[in-house]
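Undergrad: Input target.pdb, format and content: PDB, C-alpha atoms, pLDDT in the B column.
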MODEL        1
ATOM      1  CA  MET A   1       0.000   0.000   0.000  1.00 51.00           C
ATOM      2  CA  GLU A   2       1.316   3.440  -0.934  1.00 61.00           C
ATOM      3  CA  ARG A   3       2.296   5.586   2.027  1.00 71.00           C
ATOM      4  CA  ARG A   4       0.040   8.548   2.654  1.00 82.00           C
ATOM      5  CA  ALA A   5       1.674  11.928   2.967  1.00 87.00           C
ATOM      6  CA  HIS A   6       2.600  12.788   6.550  1.00 90.00           C
ATOM      7  CA  VAL A   7       1.690  16.314   7.697  1.00 92.00           C
ATOM      8  CA  LEU A   8       2.914  17.829  10.942  1.00 93.00           C
ATOM      9  CA  VAL A   9       0.654  20.496  12.460  1.00 94.00           C
ATOM     10  CA  ALA A  10       2.460  22.467  15.171  1.00 92.00           C
ATOM     11  CA  ASN A  11       0.006  24.730  16.953  1.00 90.00           C
ATOM     12  CA  SER A  12      -0.575  25.555  20.613  1.00 89.00           C
ATOM     13  CA  ARG A  13      -4.351  25.900  20.073  1.00 88.00           C
ATOM     14  CA  CYS A  14      -5.691  22.396  20.580  1.00 85.00           C
ATOM     15  CA  LEU A  15      -9.105  23.024  19.019  1.00 86.00           C
ATOM     16  CA  PHE A  16      -7.566  24.445  15.841  1.00 87.00           C
ATOM     17  CA  CYS A  17      -5.089  21.573  15.679  1.00 88.00           C
ATOM     18  CA  ASP A  18      -7.810  18.945  16.085  1.00 89.00           C
ATOM     19  CA  GLY A  19     -10.013  20.626  13.486  1.00 90.00           C
ATOM     20  CA  LEU A  20      -7.238  20.822  10.909  1.00 89.00           C
ATOM     21  CA  ARG A  21      -6.278  17.207  11.563  1.00 90.00           C
ATOM     22  CA  ALA A  22      -9.884  16.091  10.992  1.00 91.00           C
ATOM     23  CA  LEU A  23      -9.993  18.086   7.756  1.00 89.00           C
ATOM     24  CA  LEU A  24      -6.737  16.644   6.430  1.00 89.00           C
ATOM     25  CA  GLU A  25      -7.414  13.054   7.449  1.00 88.00           C
ATOM     26  CA  ARG A  26     -10.926  13.031   6.007  1.00 85.00           C
ATOM     27  CA  GLY A  27     -11.151  10.562   3.133  1.00 68.00           C
ATOM     28  CA  GLY A  28      -7.738   9.102   3.894  1.00 71.00           C
ATOM     29  CA  ARG A  29      -5.920  12.022   2.288  1.00 78.00           C
ATOM     30  CA  PHE A  30      -3.114  12.479   4.801  1.00 89.00           C
ATOM     31  CA  ASP A  31      -1.680  11.146   8.026  1.00 91.00           C
ATOM     32  CA  VAL A  32      -1.432  13.976  10.549  1.00 92.00           C
ATOM     33  CA  THR A  33       0.615  14.396  13.708  1.00 93.00           C
ATOM     34  CA  CYS A  34      -0.082  17.350  15.994  1.00 93.00           C
ATOM     35  CA  ALA A  35       2.477  19.063  18.207  1.00 93.00           C
ATOM     36  CA  ALA A  36       1.713  21.638  20.891  1.00 92.00           C
ATOM     37  CA  SER A  37       5.211  23.148  21.058  1.00 91.00           C
ATOM     38  CA  LEU A  38       8.232  23.773  18.856  1.00 88.00           C
ATOM     39  CA  GLN A  39      10.310  21.242  20.798  1.00 89.00           C
ATOM     40  CA  GLU A  40       7.646  18.584  20.262  1.00 91.00           C
ATOM     41  CA  ALA A  41       7.442  19.466  16.565  1.00 89.00           C
ATOM     42  CA  ILE A  42      11.200  19.071  16.106  1.00 86.00           C
ATOM     43  CA  ALA A  43      11.068  15.703  17.869  1.00 88.00           C
ATOM     44  CA  VAL A  44       8.281  14.541  15.535  1.00 87.00           C
ATOM     45  CA  ALA A  45      10.237  15.752  12.494  1.00 84.00           C
ATOM     46  CA  ARG A  46      13.081  13.414  13.450  1.00 83.00           C
ATOM     47  CA  GLN A  47      10.887  10.343  13.725  1.00 81.00           C
ATOM     48  CA  VAL A  48       9.629   7.788  11.230  1.00 74.00           C
ATOM     49  CA  PRO A  49       7.577   8.058   9.073  1.00 78.00           C
ATOM     50  CA  PRO A  50       9.194  11.223   7.734  1.00 84.00           C
ATOM     51  CA  VAL A  51       7.269  14.486   7.708  1.00 87.00           C
ATOM     52  CA  ASP A  52       6.418  15.595   4.163  1.00 88.00           C
ATOM     53  CA  LEU A  53       5.043  19.007   5.134  1.00 91.00           C
ATOM     54  CA  ALA A  54       5.063  20.933   8.410  1.00 92.00           C
ATOM     55  CA  LEU A  55       2.481  23.584   9.233  1.00 94.00           C
ATOM     56  CA  LEU A  56       3.916  25.803  11.948  1.00 92.00           C
ATOM     57  CA  GLU A  57       2.024  28.353  14.038  1.00 92.00           C
ATOM     58  CA  ILE A  58       3.440  31.825  13.325  1.00 90.00           C
ATOM     59  CA  GLU A  59       4.343  32.438  16.992  1.00 88.00           C
ATOM     60  CA  MET A  60       6.452  29.262  16.980  1.00 88.00           C
ATOM     61  CA  ALA A  61       7.971  30.080  13.599  1.00 86.00           C
ATOM     62  CA  ALA A  62       8.990  33.586  14.687  1.00 84.00           C
ATOM     63  CA  ALA A  63      10.498  32.502  18.009  1.00 81.00           C
ATOM     64  CA  ASP A  64      14.101  33.607  18.469  1.00 76.00           C
ATOM     65  CA  GLY A  65      14.211  35.640  15.257  1.00 77.00           C
ATOM     66  CA  PHE A  66      12.628  32.850  13.204  1.00 82.00           C
ATOM     67  CA  GLY A  67      15.166  30.396  14.560  1.00 81.00           C
ATOM     68  CA  GLY A  68      12.234  28.086  15.313  1.00 79.00           C
ATOM     69  CA  MET A  69      11.242  27.911  11.667  1.00 84.00           C
ATOM     70  CA  ARG A  70      14.820  27.479  10.449  1.00 80.00           C
ATOM     71  CA  CYS A  71      15.393  24.721  12.991  1.00 80.00           C
ATOM     72  CA  LEU A  72      12.346  22.801  11.820  1.00 81.00           C
ATOM     73  CA  ILE A  73      13.262  23.262   8.152  1.00 77.00           C
ATOM     74  CA  GLY A  74      16.705  21.835   8.808  1.00 70.00           C
ATOM     75  CA  ALA A  75      15.808  19.107  11.310  1.00 61.00           C
ATOM     76  CA  GLU A  76      17.329  15.890   9.965  1.00 56.00           C
ATOM     77  CA  LYS A  77      15.665  15.437   6.566  1.00 60.00           C
ATOM     78  CA  PRO A  78      14.804  18.758   4.846  1.00 59.00           C
ATOM     79  CA  ARG A  79      11.108  19.348   4.337  1.00 73.00           C
ATOM     80  CA  PRO A  80       8.863  22.286   3.377  1.00 86.00           C
ATOM     81  CA  VAL A  81       7.594  24.313   6.331  1.00 89.00           C
ATOM     82  CA  ALA A  82       4.574  26.599   5.993  1.00 91.00           C
ATOM     83  CA  VAL A  83       3.342  29.073   8.581  1.00 92.00           C
ATOM     84  CA  ILE A  84      -0.197  29.276   9.950  1.00 91.00           C
ATOM     85  CA  ALA A  85      -1.139  32.910  10.460  1.00 88.00           C
ATOM     86  CA  GLY A  86      -4.169  35.041  11.208  1.00 83.00           C
ATOM     87  CA  ASP A  87      -5.069  38.363   9.635  1.00 76.00           C
ATOM     88  CA  ALA A  88      -3.177  40.337  12.295  1.00 73.00           C
ATOM     89  CA  ASP A  89      -0.019  38.279  11.723  1.00 79.00           C
ATOM     90  CA  ARG A  90       0.467  39.121   8.061  1.00 76.00           C
ATOM     91  CA  PRO A  91       3.626  41.253   8.394  1.00 77.00           C
ATOM     92  CA  LEU A  92       5.316  38.424  10.308  1.00 81.00           C
ATOM     93  CA  ALA A  93       4.023  35.862   7.809  1.00 81.00           C
ATOM     94  CA  GLN A  94       5.480  37.906   4.963  1.00 77.00           C
ATOM     95  CA  THR A  95       8.850  37.917   6.705  1.00 79.00           C
ATOM     96  CA  ALA A  96       8.641  34.146   7.221  1.00 82.00           C
ATOM     97  CA  PHE A  97       7.923  33.711   3.513  1.00 79.00           C
ATOM     98  CA  GLU A  98      10.930  35.849   2.606  1.00 74.00           C
ATOM     99  CA  MET A  99      13.082  33.712   4.916  1.00 77.00           C
ATOM    100  CA  GLY A 100      12.229  30.443   3.227  1.00 79.00           C
ATOM    101  CA  ALA A 101       8.773  29.318   4.336  1.00 85.00           C
ATOM    102  CA  ALA A 102       7.071  27.146   1.742  1.00 86.00           C
ATOM    103  CA  GLY A 103       3.825  29.034   2.113  1.00 88.00           C
ATOM    104  CA  ILE A 104       1.337  30.871   4.270  1.00 89.00           C
ATOM    105  CA  VAL A 105      -1.876  29.244   5.457  1.00 89.00           C
ATOM    106  CA  LEU A 106      -4.375  31.752   6.807  1.00 87.00           C
ATOM    107  CA  SER A 107      -6.335  30.369   9.759  1.00 86.00           C
ATOM    108  CA  THR A 108      -9.269  32.529   8.605  1.00 84.00           C
ATOM    109  CA  ASN A 109      -9.466  30.757   5.242  1.00 83.00           C
ATOM    110  CA  SER A 110     -11.984  28.083   4.369  1.00 85.00           C
ATOM    111  CA  GLY A 111     -11.067  24.433   4.732  1.00 85.00           C
ATOM    112  CA  GLU A 112     -11.072  24.000   0.954  1.00 85.00           C
ATOM    113  CA  ALA A 113      -8.655  26.915   0.514  1.00 85.00           C
ATOM    114  CA  MET A 114      -6.323  25.384   3.101  1.00 87.00           C
ATOM    115  CA  LEU A 115      -6.446  22.035   1.295  1.00 87.00           C
ATOM    116  CA  GLN A 116      -5.654  23.683  -2.020  1.00 86.00           C
ATOM    117  CA  GLY A 117      -2.602  25.373  -0.539  1.00 87.00           C
ATOM    118  CA  ILE A 118      -1.410  22.187   1.143  1.00 89.00           C
ATOM    119  CA  ARG A 119      -1.709  20.227  -2.105  1.00 86.00           C
ATOM    120  CA  MET A 120       0.335  22.875  -3.926  1.00 84.00           C
ATOM    121  CA  MET A 121       3.098  22.777  -1.310  1.00 86.00           C
ATOM    122  CA  MET A 122       3.106  18.982  -1.385  1.00 83.00           C
ATOM    123  CA  HIS A 123       3.966  19.280  -5.091  1.00 78.00           C
ATOM    124  CA  GLY A 124       6.880  21.582  -4.368  1.00 78.00           C
ATOM    125  CA  GLU A 125       5.144  24.886  -5.124  1.00 80.00           C
ATOM    126  CA  ARG A 126       5.175  27.919  -2.848  1.00 79.00           C
ATOM    127  CA  TYR A 127       1.758  29.064  -1.723  1.00 84.00           C
ATOM    128  CA  VAL A 128       0.345  32.403  -0.610  1.00 81.00           C
ATOM    129  CA  PRO A 129      -3.451  32.932  -0.517  1.00 78.00           C
ATOM    130  CA  ASP A 130      -4.774  35.234  -3.248  1.00 73.00           C
ATOM    131  CA  ARG A 131      -6.333  37.540  -0.666  1.00 67.00           C
ATOM    132  CA  PHE A 132      -3.005  37.871   1.132  1.00 66.00           C
ATOM    133  CA  ASN A 133      -1.206  38.673  -2.119  1.00 58.00           C
ATOM    134  CA  ALA A 134      -3.708  41.337  -3.086  1.00 51.00           C
ATOM    135  CA  GLU A 135      -3.740  43.090   0.284  1.00 51.00           C
ATOM    136  CA  ALA A 136       0.024  42.824   0.784  1.00 47.00           C
ATOM    137  CA  GLY A 137       0.542  44.442  -2.584  1.00 43.00           C
ATOM    138  CA  GLN A 138      -1.712  47.332  -1.613  1.00 40.00           C
ATOM    139  CA  ALA A 139      -0.754  47.875   2.008  1.00 37.00           C
ATOM    140  CA  GLY A 140       1.834  45.410   3.289  1.00 39.00           C
ATOM    141  CA  ILE A 141       4.940  47.119   1.913  1.00 36.00           C
ATOM    142  CA  ALA A 142       5.772  50.453   3.415  1.00 37.00           C
ATOM    143  CA  LYS A 143       6.358  53.458   1.179  1.00 36.00           C
ATOM    144  CA  PRO A 144       8.391  56.496   2.129  1.00 33.00           C
ATOM    145  CA  ALA A 145       6.278  59.110   3.924  1.00 36.00           C
ATOM    146  CA  GLY A 146       8.832  61.448   5.363  1.00 37.00           C
ATOM    147  CA  GLY A 147      10.434  58.617   7.318  1.00 41.00           C
ATOM    148  CA  LEU A 148      13.670  56.773   6.716  1.00 41.00           C
ATOM    149  CA  GLN A 149      13.899  54.306   3.861  1.00 41.00           C
ATOM    150  CA  ALA A 150      16.957  52.445   2.687  1.00 40.00           C
ATOM    151  CA  PRO A 151      17.473  52.462  -1.084  1.00 42.00           C
ATOM    152  CA  ALA A 152      16.400  49.258  -2.833  1.00 52.00           C
ATOM    153  CA  VAL A 153      15.159  47.767   0.461  1.00 66.00           C
ATOM    154  CA  ARG A 154      11.465  47.128   0.966  1.00 75.00           C
ATOM    155  CA  PHE A 155      10.096  47.071   4.489  1.00 79.00           C
ATOM    156  CA  THR A 156       6.653  46.153   5.707  1.00 79.00           C
ATOM    157  CA  ARG A 157       4.718  49.038   7.221  1.00 81.00           C
ATOM    158  CA  ARG A 158       5.422  47.810  10.751  1.00 83.00           C
ATOM    159  CA  GLU A 159       9.133  47.387  10.034  1.00 83.00           C
ATOM    160  CA  GLN A 160       9.243  50.945   8.709  1.00 86.00           C
ATOM    161  CA  GLU A 161       7.531  52.285  11.840  1.00 88.00           C
ATOM    162  CA  ILE A 162       9.992  50.448  14.066  1.00 89.00           C
ATOM    163  CA  LEU A 163      12.950  51.626  12.007  1.00 87.00           C
ATOM    164  CA  ASP A 164      11.829  55.268  12.249  1.00 89.00           C
ATOM    165  CA  LEU A 165      11.478  54.997  16.040  1.00 90.00           C
ATOM    166  CA  LEU A 166      14.802  53.201  16.264  1.00 87.00           C
ATOM    167  CA  ALA A 167      16.429  56.131  14.469  1.00 86.00           C
ATOM    168  CA  LYS A 168      14.998  58.424  17.151  1.00 86.00           C
ATOM    169  CA  GLY A 169      16.988  56.528  19.762  1.00 86.00           C
ATOM    170  CA  MET A 170      14.091  54.609  21.311  1.00 88.00           C
ATOM    171  CA  SER A 171      14.722  51.305  23.077  1.00 87.00           C
ATOM    172  CA  SER A 172      12.786  48.164  22.163  1.00 86.00           C
ATOM    173  CA  LYS A 173      10.569  48.606  25.235  1.00 88.00           C
ATOM    174  CA  GLU A 174       9.848  52.219  24.290  1.00 90.00           C
ATOM    175  CA  ILE A 175       9.032  51.209  20.721  1.00 90.00           C
ATOM    176  CA  ALA A 176       6.715  48.491  21.999  1.00 88.00           C
ATOM    177  CA  ARG A 177       4.833  50.987  24.177  1.00 90.00           C
ATOM    178  CA  GLU A 178       4.637  53.532  21.357  1.00 92.00           C
ATOM    179  CA  LEU A 179       3.169  51.013  18.889  1.00 90.00           C
ATOM    180  CA  GLY A 180       1.099  49.035  21.374  1.00 88.00           C
ATOM    181  CA  ILE A 181       2.856  45.724  20.675  1.00 84.00           C
ATOM    182  CA  GLY A 182       5.003  43.358  22.733  1.00 81.00           C
ATOM    183  CA  PRO A 183       8.800  43.656  23.067  1.00 79.00           C
ATOM    184  CA  MET A 184       9.183  40.187  21.532  1.00 76.00           C
ATOM    185  CA  THR A 185       7.272  41.332  18.464  1.00 79.00           C
ATOM    186  CA  VAL A 186       9.592  44.339  18.181  1.00 83.00           C
ATOM    187  CA  ALA A 187      12.603  42.012  18.417  1.00 80.00           C
ATOM    188  CA  MET A 188      11.236  39.769  15.655  1.00 78.00           C
ATOM    189  CA  HIS A 189      10.665  42.731  13.348  1.00 82.00           C
ATOM    190  CA  LEU A 190      14.147  44.053  14.108  1.00 83.00           C
ATOM    191  CA  THR A 191      15.606  40.681  13.147  1.00 80.00           C
ATOM    192  CA  ALA A 192      13.871  40.964   9.784  1.00 79.00           C
ATOM    193  CA  VAL A 193      15.081  44.572   9.348  1.00 82.00           C
ATOM    194  CA  PHE A 194      18.683  43.612  10.159  1.00 81.00           C
ATOM    195  CA  ARG A 195      18.533  40.761   7.649  1.00 78.00           C
ATOM    196  CA  LYS A 196      17.192  42.990   4.883  1.00 79.00           C
ATOM    197  CA  LEU A 197      19.867  45.624   5.543  1.00 80.00           C
ATOM    198  CA  GLY A 198      22.658  43.088   5.965  1.00 77.00           C
ATOM    199  CA  VAL A 199      23.582  44.401   9.424  1.00 78.00           C
ATOM    200  CA  SER A 200      23.799  42.907  12.895  1.00 75.00           C
ATOM    201  CA  SER A 201      23.091  45.771  15.290  1.00 78.00           C
ATOM    202  CA  ARG A 202      20.760  48.702  15.913  1.00 79.00           C
ATOM    203  CA  THR A 203      23.542  51.221  15.324  1.00 79.00           C
ATOM    204  CA  GLN A 204      24.475  49.653  11.995  1.00 77.00           C
ATOM    205  CA  ALA A 205      20.813  49.652  10.938  1.00 81.00           C
ATOM    206  CA  VAL A 206      20.427  53.373  11.611  1.00 78.00           C
ATOM    207  CA  MET A 207      23.683  54.134   9.798  1.00 76.00           C
ATOM    208  CA  ALA A 208      22.595  52.053   6.807  1.00 76.00           C
ATOM    209  CA  ILE A 209      19.475  54.083   6.174  1.00 73.00           C
ATOM    210  CA  ARG A 210      20.938  57.557   6.704  1.00 66.00           C
TER     211      ARG A 210
ENDMDL
END
Step by step, read the file and then write its structure as structure tokens.

TA:
Amino acid sequence: MERRAHVLVANSRCLFCDGLRALLERGGRFDVTCAASLQEAIAVARQVPPVDLALLEIEMAAADGFGGMRCLIGAEKPRPVAVIAGDADRPLAQTAFEMGAAGIVLSTNSGEAMLQGIRMMMHGERYVPDRFNAEAGQAGIAKPAGGLQAPAVRFTRREQEILDLLAKGMSSKEIARELGIGPMTVAMHLTAVFRKLGVSSRTQAVMAIR
């Protein structure tokens, strides 16, 4: 009997995980293993049968400057890793895609749309929902508006906001308070900014865009 494709769903929300597993296993389409943490997901990825596709919650993917996603991509046998994101997570999802994610699965999408994306990634294609593409093209990439902008570097709107505040000498905690987000989220965006600029520190980032 031909082996069914093995999908790893790494998500801390048990109800979502169970629902997605039921959707994927319906009709004998896939075998699904759920993991509630990044450590558990990495352990599953090293087991037999091999994982053919991993779906990783955006918070897990972005942990430690997207080290969580890179670790899962490179765990033992290489495999495609997609991120599961909600509408509010789109800037982070875009960064994950730029850093090598196989695709973006929106948790707000219909089950059929999720299945379509998963099938595409199983065939080696990269997948981003049409709605995400359209809205990212209109609003996801920041444009200069009197703020700082490095030549030939495209930042998301949030990255641009953080970069402008960084240039004003604000600390990560101050930036977080100013934007109403968590310090960890600021750190993740800064990691993406540093990567795009090819720098490794806040001072170098500010110098690069002056």

Undergrad: Quote the spacing between atom CA of A:Ala205 and atom CA of A:Val193 in Å to one decimal place.

TA: 7.8 Å

Undergrad: Might you pull out every residue within 10 Å of stretch 169-180 of chain A, with all atoms listed in the file counted and same-chain residues fewer than 6 positions away left off, and present them as a list in words?

TA: Arg158, Glu161, Ile162, Leu163, Val186, Ala187, Leu190, Arg202, Thr203 and Val206 of chain A

Undergrad: Selected residues, C-alpha atoms, written as an mmCIF file, in the coordinates of the input, please.

TA:
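Output saved as result_3.cif:
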data_model
loop_
_atom_site.group_PDB
_atom_site.id
_atom_site.type_symbol
_atom_site.label_atom_id
_atom_site.label_comp_id
_atom_site.auth_asym_id
_atom_site.auth_seq_id
_atom_site.Cartn_x
_atom_site.Cartn_y
_atom_site.Cartn_z
ATOM 1 C CA ARG A 158 5.422 47.810 10.751
ATOM 2 C CA GLU A 161 7.531 52.285 11.840
ATOM 3 C CA ILE A 162 9.992 50.448 14.066
ATOM 4 C CA LEU A 163 12.950 51.626 12.007
ATOM 5 C CA VAL A 186 9.592 44.339 18.181
ATOM 6 C CA ALA A 187 12.603 42.012 18.417
ATOM 7 C CA LEU A 190 14.147 44.053 14.108
ATOM 8 C CA ARG A 202 20.760 48.702 15.913
ATOM 9 C CA THR A 203 23.542 51.221 15.324
ATOM 10 C CA VAL A 206 20.427 53.373 11.611
#

Undergrad: Please write as a PyMOL selection string the full residue list that the PyMOL selection byres ((chain A and resi 105) around 8) yields on this file.

TA: chain A and resi 82-85+103-104+106-107+109+114+117+128-129

Undergrad: Nearest residue to A:Arg4 out of A:Val32, A:Ala45, A:Ala63, A:Cys17, using only C-alpha atoms?

TA: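 Of all the options, A:Val32 lies closest to A:Arg4.
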
Undergrad: Pick out the closest residue to A:Gln116 from this set: A:Glu40, A:Glu57, A:Asp130, A:Asp18. Count all atoms listed in the file.

TA: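 The shortest atom-to-atom distance to A:Gln116 comes from A:Asp130.
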
Undergrad: Counting all atoms listed in the file, which of A:Val81, A:Leu166, A:Ala88, A:Ala96 gets nearest to A:Asp52?

TA: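 Closest candidate: A:Val81.
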
Undergrad: For A:Val7, list every protein, DNA or RNA residue within 12 Å, evaluated using only C-alpha atoms, and leave out those in the same chain fewer than 6 positions away; present the list as a PyMOL selection string.

TA: chain A and resi 17+20-21+23-25+29-35+41+44-45+49-56+79-82+115+118-119+121-122

Undergrad: Hey, which of A:Ala36, A:Ile209, A:Ala93, A:Ala10 ends up closest to A:Phe194? Count only C-alpha atoms.

TA: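 So, comparing all the options, the nearest one is A:Ile209.
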
Undergrad: Please determine, counting all atoms listed in the file, which residue among A:Ala43, A:Thr191, A:Val9, A:Ser201 has the shortest atom-to-atom distance to A:Asp64.

TA: A:Thr191

Undergrad: In terms of the shortest atom-to-atom distance over all atoms listed in the file, which of A:Gly111, A:Gly86, A:Gly28, A:Gly198 is closest to A:Glu59?

TA: A:Gly86

Undergrad: To one decimal place in Å, what is the distance between atom CA of A:Ile42 and atom CA of A:Glu112?

TA: 27.4 Å

Undergrad: Find the distance between atom CA of A:Gly68 and atom CA of A:Leu38 and write it in Å to one decimal.

TA: 6.9 Å

Undergrad: Taking all atoms of stretch 94-101 of chain A that appear in the file, build a box with edges along x, y and z, extend it by 3 Å on every side, and state its centre and edge lengths in Å to one decimal, as AutoDock Vina command-line options.

TA:
--center_x 9.3 --center_y 33.6 --center_z 4.9 --size_x 13.6 --size_y 14.6 --size_z 10.6
